[in-house]
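What follows is one structure encoded as structure tokens, with my remarks underneath.
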Number of protein chains: 2
Amino acid sequence: MSPRSDAVRSRERILGAARQCARDDLRLNDVARRAGVGVGTVYRHFPTVHALVEALTTDDLARYRDLAHRAAAEPDPAVALETLVREGLALQLADGGLQAVLLAPEDASPEVAQLKAELGEVTQQVVAAARDAGVVRADLTAELLRNLGCGVEHAVRVSGGHHPDFYVDVMLAGLRAGARSQDAVVPAKGTTTGSGPGLPGDPSLTPASA
Amino acid sequence: MSPRSDAVRSRERILGAARQCARDDLRLNDVARRAGVGVGTVYRHFPTVHALVEALTTDDLARYRDLAHRAAAEPDPAVALETLVREGLALQLADGGLQAVLLAPEDASPEVAQLKAELGEVTQQVVAAARDAGVVRADLTAELLRNLGCGVEHAVRVSGGHHPDFYVDVMLAGLRAGARSQDAVVPAKGTTTGSGPGLPGDPSLTPASA
DNA sequence: CGTCTAAGCGGATTGCTCATCCGTTTGCAC
DNA sequence: GTGCAAACGGATGAGCAATCCGCTTAGACG
């Protein structure tokens, strides 16, 4: 059963209107007015604000995943990680809803859940490769990397969007700092390069120093 | 003219009640009910939510300043900076309102404004000393340090409060990374060790690499 | 100790937003 | 053309922020 044509039209109108609002405090009433539909229609399509934000963000999330795949294809693990971080941050800064979606414990749409899972897996691969190559701290995990990215995004926002590079540079340099250094490709025992369960979930990592 | 006794009592009750609420979304109505006073009384004492948060936070802000002074007294500039960052972060994590107060462009109470100004100056001293000693990136400023700290706090919160040390370690290592390294005490020309204007305000720094 | 008054109190009230619910409309399958 | 499930839309109720103003009271002064 494909959805009714008017429903499709309403959905588009709502998304269009929502795109013109501040991504953080979306007033559903407001969106309805701008979209020229009733409030009830908005709530029918997007039962919660988060559902709407997810819908607005899905495209960028897909871009994020693609970007991660491209990064993972890099032969040099250090370059891969740096690409993932830098370009990921650019995406997050451009799309104010992305962080909320990335961090949300529950996903309204299965499509988003799928994208997040894929992104998580690829990120794990990139992190594992960098760890195995000894170009980053051995205790880095995909989850920690994600949170660090969110922290940096926050710092940039708090700076009024200025000096994004400063913050990323510090982060990347800090990650490199504890690396096993010189010895290159020899994979340390116990670390996996393949895929595992997605990043949302248990933080199975060795905590850092005290 | 000292304030009337009942006014003092009300103020205390309100603060006591507010301390039992989530620091982020304070409902003034709610605080009033808990404190057993009328809403009007709350608004009389604290015209805005931010004013209330400031009042709740003032003690910890004073602790922050004291801590900064202690750090600045450290003979080793590297130790000074690390102390300031680590202990400052601990304070910020313990007091959920501190970040908001630190970042607020306007202060409701002159006492808070004073504390922030002092904190800013001492931070500048610590940063300048570390820069002059070549133990941190030369483009670090007090403002960038503050924002970085807020970013790290955010990362920790997003982690559910876990692994705070990981994030600080990365940050500190990242700051050391671009340092002029070995050559110790020779102060680079142009950097000041003395006090200047407080940290809130213009970001007069050299942006990092692209 | 009594009086006076300005400071303080409190809650009714207004204005706003969210979110739901339900009577009406409409696309579309047959 | 007809029937109906899906979709629409806005009236509605609940909740909170913030103000306003008549009542109360601390404490200064004689």
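Here's how to read the names in the structure tokens: chain A, B, ... by the order shown, residue numbers from 1 in each chain, ligand numbers from 1 in the order shown.
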I'd like a table as a tab-separated table: residues in chain C with an atom no more than 9 Å from chain B, each row giving the shortest atom pair and its distance in Å to one decimal, only C-alpha atoms (C1' of nucleotides) counted, sorted by chain and rising residue number.
residue	atom	partner	partner_atom	distance
C:DA7	C1'	B:Arg4	CA	7.6
C:DG8	C1'	B:Ala7	CA	6.6
C:DC9	C1'	B:Thr41	CA	6.4
C:DG10	C1'	B:Gly38	CA	4.5
C:DG11	C1'	B:Gly38	CA	6.5
Exercise for review: Pick out the chain B residues within 7 Å of chain A. Count only C-alpha atoms. Give them as a PyMOL selection string.
Suggested key: chain B and resi 147-148+150-152+154-155+158-159+163+165-166+170-175+177+207-210
Practice item. Skip segment 72-84 of chain A itself and residues of its chain fewer than 5 positions away, then list as a ChimeraX atom specification all residues within 12 Å of it, counting only C-alpha atoms (C1' of nucleotides). Key: /A:63-67,89-92,119-137,140-142,145-146,149,168-169,171-173,175-176,179,181,184-185,193-195
Could you list, with a cut-off of 12 Å and counting only C-alpha atoms (C1' of nucleotides), the residues of chain D near segment 12-25 of chain C, each shown with its nearest atom pair and the distance in Å rounded to one decimal, rows sorted by chain and ascending number, as a tab-separated table?
residue	atom	partner	partner_atom	distance
D:DA6	C1'	C:DT25	C1'	10.6
D:DA7	C1'	C:DT25	C1'	8.5
D:DC8	C1'	C:DT25	C1'	7.0
D:DG9	C1'	C:DT24	C1'	9.0
D:DG10	C1'	C:DC22	C1'	10.5
D:DA11	C1'	C:DC21	C1'	9.4
D:DT12	C1'	C:DC21	C1'	8.4
D:DG13	C1'	C:DT20	C1'	8.7
D:DA14	C1'	C:DC18	C1'	9.0
D:DG15	C1'	C:DC18	C1'	8.8
D:DC16	C1'	C:DC16	C1'	9.0
D:DA17	C1'	C:DC16	C1'	8.6
D:DA18	C1'	C:DT14	C1'	9.1
D:DT19	C1'	C:DT14	C1'	8.2
D:DC20	C1'	C:DT13	C1'	8.5
D:DC21	C1'	C:DA12	C1'	9.9
D:DG22	C1'	C:DA12	C1'	11.0
Review point. In Å, with one decimal, what is the gap from atom CA of Leu93 of chain A to atom CA of Ala22 of chain A?
Key: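 Distance between the two atoms: 13.6 Å.
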Those of segment 10-182 of chain B in DSSP helix (DSSP H, G or I), formatted as a tab-separated table (two decimals) with C-alpha atoms, in the first residue's frame:
chain	number	residue	atom	x	y	z
B	10	SER	CA	12.89	33.57	51.47
B	11	ARG	CA	16.08	33.81	49.49
B	12	GLU	CA	17.61	30.92	51.40
B	13	ARG	CA	14.53	28.78	51.04
B	14	ILE	CA	14.42	29.41	47.31
B	15	LEU	CA	18.07	28.56	46.86
B	16	GLY	CA	17.62	25.45	48.95
B	17	ALA	CA	14.70	24.32	46.85
B	18	ALA	CA	16.47	25.14	43.59
B	19	ARG	CA	19.47	23.08	44.64
B	28	LEU	CA	10.53	28.76	38.53
B	29	ASN	CA	6.97	27.79	39.34
B	30	ASP	CA	8.21	24.48	40.63
B	31	VAL	CA	10.96	26.04	42.71
B	32	ALA	CA	8.38	28.31	44.31
B	33	ARG	CA	6.17	25.41	45.28
B	34	ARG	CA	9.05	23.43	46.76
B	35	ALA	CA	10.31	26.45	48.64
B	39	VAL	CA	5.90	32.65	42.55
B	40	GLY	CA	6.11	36.39	42.86
B	41	THR	CA	8.69	36.03	45.57
B	42	VAL	CA	10.89	33.89	43.39
B	43	TYR	CA	10.70	36.38	40.55
B	44	ARG	CA	11.43	39.24	42.92
B	45	HIS	CA	14.67	37.63	44.06
B	49	VAL	CA	16.34	31.75	35.45
B	50	HIS	CA	19.89	32.68	34.68
B	51	ALA	CA	20.06	34.88	37.76
B	52	LEU	CA	19.06	31.90	39.87
B	53	VAL	CA	21.58	29.62	38.24
B	54	GLU	CA	24.25	32.22	38.84
B	55	ALA	CA	23.36	32.41	42.50
B	56	LEU	CA	23.49	28.63	42.81
B	57	THR	CA	26.83	28.58	41.11
B	58	THR	CA	28.63	31.47	42.74
B	59	ASP	CA	30.32	29.34	45.40
B	60	ASP	CA	31.73	26.95	42.88
B	61	LEU	CA	32.84	29.82	40.71
B	62	ALA	CA	34.78	31.19	43.68
B	63	ARG	CA	36.32	27.77	44.17
B	64	TYR	CA	37.28	27.83	40.50
B	65	ARG	CA	39.03	31.14	40.92
B	66	ASP	CA	40.88	29.97	44.02
B	67	LEU	CA	41.94	26.84	42.24
B	68	ALA	CA	43.22	28.92	39.37
B	69	HIS	CA	45.26	31.02	41.77
B	70	ARG	CA	46.75	27.91	43.32
B	71	ALA	CA	47.57	26.58	39.87
B	72	ALA	CA	49.18	29.85	38.90
B	73	ALA	CA	51.41	29.61	41.96
B	77	PRO	CA	54.08	26.10	34.01
B	78	ALA	CA	53.17	22.72	32.56
B	79	VAL	CA	51.98	21.48	35.92
B	80	ALA	CA	50.10	24.72	36.46
B	81	LEU	CA	48.17	24.35	33.24
B	82	GLU	CA	47.42	20.71	33.82
B	83	THR	CA	46.19	21.38	37.33
B	84	LEU	CA	43.96	24.17	36.15
B	85	VAL	CA	42.44	22.04	33.43
B	86	ARG	CA	41.97	18.83	35.41
B	87	GLU	CA	40.60	20.36	38.58
B	88	GLY	CA	38.57	22.90	36.67
B	89	LEU	CA	36.93	20.12	34.73
B	90	ALA	CA	36.14	18.26	37.94
B	91	LEU	CA	34.39	21.36	39.22
B	92	GLN	CA	32.48	21.83	35.99
B	93	LEU	CA	31.35	18.23	36.02
B	94	ALA	CA	30.20	18.45	39.61
B	98	LEU	CA	29.01	26.30	35.85
B	99	GLN	CA	29.46	26.03	32.10
B	100	ALA	CA	26.40	28.16	31.45
B	101	VAL	CA	27.69	30.83	33.81
B	102	LEU	CA	31.20	30.74	32.38
B	103	LEU	CA	29.92	31.16	28.85
B	110	PRO	CA	28.35	42.01	39.83
B	111	GLU	CA	29.90	39.49	42.21
B	112	VAL	CA	29.84	36.86	39.49
B	113	ALA	CA	31.17	39.31	36.96
B	114	GLN	CA	34.08	40.03	39.27
B	115	LEU	CA	34.82	36.36	39.83
B	116	LYS	CA	34.74	35.67	36.11
B	117	ALA	CA	37.06	38.57	35.44
B	118	GLU	CA	39.57	37.33	38.00
B	119	LEU	CA	39.36	33.81	36.73
B	120	GLY	CA	39.93	35.10	33.22
B	121	GLU	CA	43.02	37.04	34.23
B	122	VAL	CA	44.60	34.21	36.14
B	123	THR	CA	43.87	31.84	33.30
B	124	GLN	CA	45.61	34.19	30.92
B	125	GLN	CA	48.65	34.21	33.18
B	126	VAL	CA	48.76	30.44	33.32
B	127	VAL	CA	48.36	30.15	29.57
B	128	ALA	CA	50.97	32.81	28.90
B	129	ALA	CA	53.46	31.13	31.20
B	130	ALA	CA	52.90	27.78	29.53
B	131	ARG	CA	53.28	29.35	26.11
B	132	ASP	CA	56.45	31.18	27.11
B	142	ALA	CA	42.73	31.61	27.58
B	143	GLU	CA	39.50	31.78	25.64
B	144	LEU	CA	40.37	28.78	23.50
B	145	LEU	CA	41.35	26.88	26.63
B	146	ARG	CA	38.03	27.66	28.25
B	147	ASN	CA	36.08	26.55	25.20
B	148	LEU	CA	38.13	23.41	24.91
B	149	GLY	CA	37.31	22.66	28.51
B	150	CYS	CA	33.62	23.14	27.79
B	151	GLY	CA	33.94	20.80	24.84
B	152	VAL	CA	35.54	18.16	27.00
B	153	GLU	CA	32.87	18.59	29.64
B	154	HIS	CA	30.28	18.08	26.93
B	155	ALA	CA	32.02	14.93	25.72
B	156	VAL	CA	32.05	13.53	29.24
B	157	ARG	CA	28.38	14.30	29.78
B	158	VAL	CA	27.52	12.67	26.49
B	164	PRO	CA	36.47	11.70	32.05
B	165	ASP	CA	40.22	11.09	32.19
B	166	PHE	CA	40.37	9.81	28.66
B	167	TYR	CA	38.99	13.03	27.28
B	168	VAL	CA	41.17	15.33	29.38
B	169	ASP	CA	44.24	13.30	28.57
B	170	VAL	CA	43.56	13.69	24.88
B	171	MET	CA	43.01	17.39	25.27
B	172	LEU	CA	46.18	17.99	27.28
B	173	ALA	CA	48.28	15.84	25.01
B	174	GLY	CA	46.87	17.70	22.04
B	175	LEU	CA	47.82	21.03	23.55
B	176	ARG	CA	51.36	19.88	24.22
B	177	ALA	CA	51.68	18.50	20.73
Point to revise | Shell around DA6 of chain C at 12 Å using only C-alpha atoms (C1' of nucleotides), local window under 4 positions removed, as number ranges by chain | key: B: 4; D: 25-28
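Distances from A:Gly36, A:Asp25, A:Gly96, A:Thr48 to chain D were compared using only C-alpha atoms (C1' of nucleotides), and the smallest one belongs to A:Gly36.
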